[in-house]
Amino acid sequence: MNISHCPSCGSEKIKKLRGPVSHEFEGKVYTARGITYHQCPDCGERVYDGEAVEKMQSASPAFHKAMSTR
Ligand SMILES: [Zn+2]
């Protein structure tokens, strides 16, 4: 994924970053490591690609529990 403009404010300063991301799910905070995402320094918007979302979901035990009951 390559983003050159912020989807919220249109800034060209949006940067690709990599690191741990805290994710809240059902009132609990989980941290997923090695997430690649884009963050806009102007408005603070964060953009996650599909792989990043999958990693954040897999870091959450509650998400696994929700999936296994189906
Ligand atoms: Zn922005």
# chains A, B, ... in the order shown; residues from 1 in each chain; ligands from 1
>>> residues_near_ligand(ligand="ligand 1", cutoff="8 Å", atoms="only C-alpha atoms and all ligand atoms", output="list in words")
His5, Cys6, Pro7, Ser8, Cys9, Gly10, Ser11, Lys13, Ile14, Gln39, Cys40, Pro41, Asp42, Cys43, Gly44 and Glu45 of chain A
>>> write_last_selection(atoms="N, CA and C atoms", output="PDB file, in the first residue's frame")
ATOM      1  N   HIS A   5      -1.258  11.021  -0.065  1.00  0.00           N
ATOM      2  CA  HIS A   5      -2.041  12.115   0.506  1.00  0.00           C
ATOM      3  C   HIS A   5      -2.880  11.596   1.658  1.00  0.00           C
ATOM      4  N   CYS A   6      -3.017  12.433   2.695  1.00  0.00           N
ATOM      5  CA  CYS A   6      -3.873  12.070   3.811  1.00  0.00           C
ATOM      6  C   CYS A   6      -5.344  12.054   3.351  1.00  0.00           C
ATOM      7  N   PRO A   7      -6.069  10.947   3.647  1.00  0.00           N
ATOM      8  CA  PRO A   7      -7.472  10.889   3.238  1.00  0.00           C
ATOM      9  C   PRO A   7      -8.364  11.870   3.994  1.00  0.00           C
ATOM     10  N   SER A   8      -7.903  12.360   5.142  1.00  0.00           N
ATOM     11  CA  SER A   8      -8.726  13.282   5.934  1.00  0.00           C
ATOM     12  C   SER A   8      -8.519  14.740   5.559  1.00  0.00           C
ATOM     13  N   CYS A   9      -7.256  15.161   5.454  1.00  0.00           N
ATOM     14  CA  CYS A   9      -6.990  16.584   5.231  1.00  0.00           C
ATOM     15  C   CYS A   9      -6.240  16.863   3.931  1.00  0.00           C
ATOM     16  N   GLY A  10      -5.800  15.804   3.236  1.00  0.00           N
ATOM     17  CA  GLY A  10      -5.133  15.999   1.956  1.00  0.00           C
ATOM     18  C   GLY A  10      -3.660  16.351   2.061  1.00  0.00           C
ATOM     19  N   SER A  11      -3.092  16.317   3.266  1.00  0.00           N
ATOM     20  CA  SER A  11      -1.685  16.669   3.456  1.00  0.00           C
ATOM     21  C   SER A  11      -0.769  15.676   2.758  1.00  0.00           C
ATOM     22  N   LYS A  13       2.244  15.305   3.743  1.00  0.00           N
ATOM     23  CA  LYS A  13       3.257  14.964   4.750  1.00  0.00           C
ATOM     24  C   LYS A  13       3.020  13.599   5.390  1.00  0.00           C
ATOM     25  N   ILE A  14       1.935  12.938   5.016  1.00  0.00           N
ATOM     26  CA  ILE A  14       1.631  11.641   5.624  1.00  0.00           C
ATOM     27  C   ILE A  14       2.796  10.683   5.408  1.00  0.00           C
ATOM     28  N   GLN A  39       0.736   7.630   9.063  1.00  0.00           N
ATOM     29  CA  GLN A  39       0.220   8.621   9.998  1.00  0.00           C
ATOM     30  C   GLN A  39       0.460  10.019   9.455  1.00  0.00           C
ATOM     31  N   CYS A  40      -0.585  10.844   9.574  1.00  0.00           N
ATOM     32  CA  CYS A  40      -0.508  12.222   9.100  1.00  0.00           C
ATOM     33  C   CYS A  40      -0.081  13.133  10.249  1.00  0.00           C
ATOM     34  N   PRO A  41       1.038  13.878  10.096  1.00  0.00           N
ATOM     35  CA  PRO A  41       1.498  14.776  11.173  1.00  0.00           C
ATOM     36  C   PRO A  41       0.612  16.007  11.321  1.00  0.00           C
ATOM     37  N   ASP A  42      -0.182  16.318  10.318  1.00  0.00           N
ATOM     38  CA  ASP A  42      -1.009  17.527  10.368  1.00  0.00           C
ATOM     39  C   ASP A  42      -2.296  17.318  11.158  1.00  0.00           C
ATOM     40  N   CYS A  43      -2.997  16.203  10.912  1.00  0.00           N
ATOM     41  CA  CYS A  43      -4.280  16.011  11.585  1.00  0.00           C
ATOM     42  C   CYS A  43      -4.305  14.774  12.475  1.00  0.00           C
ATOM     43  N   GLY A  44      -3.214  13.959  12.427  1.00  0.00           N
ATOM     44  CA  GLY A  44      -3.152  12.793  13.303  1.00  0.00           C
ATOM     45  C   GLY A  44      -3.872  11.571  12.763  1.00  0.00           C
ATOM     46  N   GLU A  45      -4.392  11.644  11.553  1.00  0.00           N
ATOM     47  CA  GLU A  45      -5.082  10.511  10.946  1.00  0.00           C
ATOM     48  C   GLU A  45      -4.134   9.324  10.769  1.00  0.00           C
TER      49      GLU A  45
END
>>> residues_around(residues="Asp49 (chain A)", least_positions_apart="2", cutoff="7 Å", atoms="only C-alpha atoms", output="mmCIF file with C-alpha atoms, in the first residue's frame")
data_model
loop_
_atom_site.group_PDB
_atom_site.id
_atom_site.type_symbol
_atom_site.label_atom_id
_atom_site.label_comp_id
_atom_site.auth_asym_id
_atom_site.auth_seq_id
_atom_site.Cartn_x
_atom_site.Cartn_y
_atom_site.Cartn_z
ATOM 1 C CA MET A 1 0.000 0.000 0.000
ATOM 2 C CA TYR A 37 0.714 2.104 8.947
ATOM 3 C CA VAL A 47 -4.394 4.580 7.958
ATOM 4 C CA GLU A 51 -2.399 -6.842 6.868
ATOM 5 C CA ALA A 52 -2.110 -4.361 9.751
ATOM 6 C CA VAL A 53 -5.771 -4.866 10.654
#
>>> closest_residue(among="A:Thr31, A:Ser4, A:Thr36, A:Ser60", to="Gly19 (chain A)", atoms="only C-alpha atoms")
A:Thr36
>>> atom_distance(atom1="CA of Lys28 (chain A)", atom2="CA of Lys55 (chain A)")
16.2 Å
>>> select_by_dssp(residues="region 16-63 of chain A", states="strand (DSSP E or B)", output="list of chain:residue names")
A:Lys16, A:Leu17, A:Arg18, A:Gly19, A:Pro20, A:Val21, A:Ser22, A:His23, A:Glu24, A:Phe25, A:Lys28, A:Val29, A:Tyr30, A:Thr31, A:Ala32, A:Arg33, A:Gly34, A:Ile35, A:Thr36, A:Tyr37, A:His38, A:Gln39, A:Arg46, A:Val47, A:Tyr48
>>> write_last_selection(atoms="N, CA and C atoms", output="compact mmCIF listing (two decimals), in the first residue's frame")
# COMPACT_ATOMS: atom_id res chain seq x y z
N LYS A 16 4.82 6.80 6.15
CA LYS A 16 4.69 5.39 6.44
C LYS A 16 5.55 5.08 7.66
N LEU A 17 4.94 4.45 8.66
CA LEU A 17 5.63 4.14 9.90
C LEU A 17 5.49 2.66 10.21
N ARG A 18 6.36 2.17 11.08
CA ARG A 18 6.28 0.78 11.49
C ARG A 18 6.57 0.70 12.98
N GLY A 19 5.71 -0.01 13.70
CA GLY A 19 5.94 -0.12 15.13
C GLY A 19 4.75 -0.74 15.82
N PRO A 20 4.79 -0.79 17.15
CA PRO A 20 3.67 -1.32 17.92
C PRO A 20 2.48 -0.38 17.89
N VAL A 21 1.29 -0.96 17.81
CA VAL A 21 0.06 -0.17 17.78
C VAL A 21 -0.88 -0.70 18.85
N SER A 22 -1.42 0.21 19.65
CA SER A 22 -2.40 -0.19 20.66
C SER A 22 -3.79 -0.14 20.04
N HIS A 23 -4.55 -1.17 20.35
CA HIS A 23 -5.85 -1.35 19.71
C HIS A 23 -6.86 -1.68 20.79
N GLU A 24 -7.96 -0.94 20.83
CA GLU A 24 -8.95 -1.20 21.87
C GLU A 24 -10.07 -2.08 21.32
N PHE A 25 -10.39 -3.12 22.07
CA PHE A 25 -11.45 -4.04 21.65
C PHE A 25 -12.24 -4.46 22.86
N LYS A 28 -10.88 -3.39 26.30
CA LYS A 28 -9.52 -3.74 26.68
C LYS A 28 -8.56 -3.30 25.59
N VAL A 29 -7.34 -2.93 26.02
CA VAL A 29 -6.35 -2.46 25.07
C VAL A 29 -5.33 -3.56 24.80
N TYR A 30 -5.12 -3.85 23.54
CA TYR A 30 -4.13 -4.83 23.13
C TYR A 30 -3.08 -4.13 22.28
N THR A 31 -1.85 -4.61 22.37
CA THR A 31 -0.80 -4.03 21.55
C THR A 31 -0.31 -5.06 20.54
N ALA A 32 -0.34 -4.67 19.29
CA ALA A 32 0.19 -5.51 18.22
C ALA A 32 1.51 -4.92 17.77
N ARG A 33 2.50 -5.79 17.59
CA ARG A 33 3.84 -5.31 17.22
C ARG A 33 4.09 -5.47 15.72
N GLY A 34 5.00 -4.65 15.22
CA GLY A 34 5.41 -4.76 13.82
C GLY A 34 4.33 -4.37 12.84
N ILE A 35 3.50 -3.40 13.24
CA ILE A 35 2.42 -2.95 12.36
C ILE A 35 2.94 -1.84 11.43
N THR A 36 2.63 -1.98 10.16
CA THR A 36 2.96 -0.92 9.21
C THR A 36 1.72 -0.08 8.96
N TYR A 37 1.86 1.22 9.13
CA TYR A 37 0.71 2.10 8.95
C TYR A 37 1.18 3.48 8.47
N HIS A 38 0.24 4.29 8.06
CA HIS A 38 0.54 5.66 7.66
C HIS A 38 -0.04 6.61 8.70
N GLN A 39 0.74 7.63 9.06
CA GLN A 39 0.22 8.62 10.00
C GLN A 39 0.46 10.02 9.46
N ARG A 46 -4.63 8.13 11.11
CA ARG A 46 -3.85 6.92 10.87
C ARG A 46 -4.58 6.04 9.86
N VAL A 47 -3.81 5.47 8.97
CA VAL A 47 -4.39 4.58 7.96
C VAL A 47 -3.71 3.22 8.06
N TYR A 48 -4.52 2.18 8.24
CA TYR A 48 -3.98 0.82 8.33
C TYR A 48 -4.38 0.03 7.10
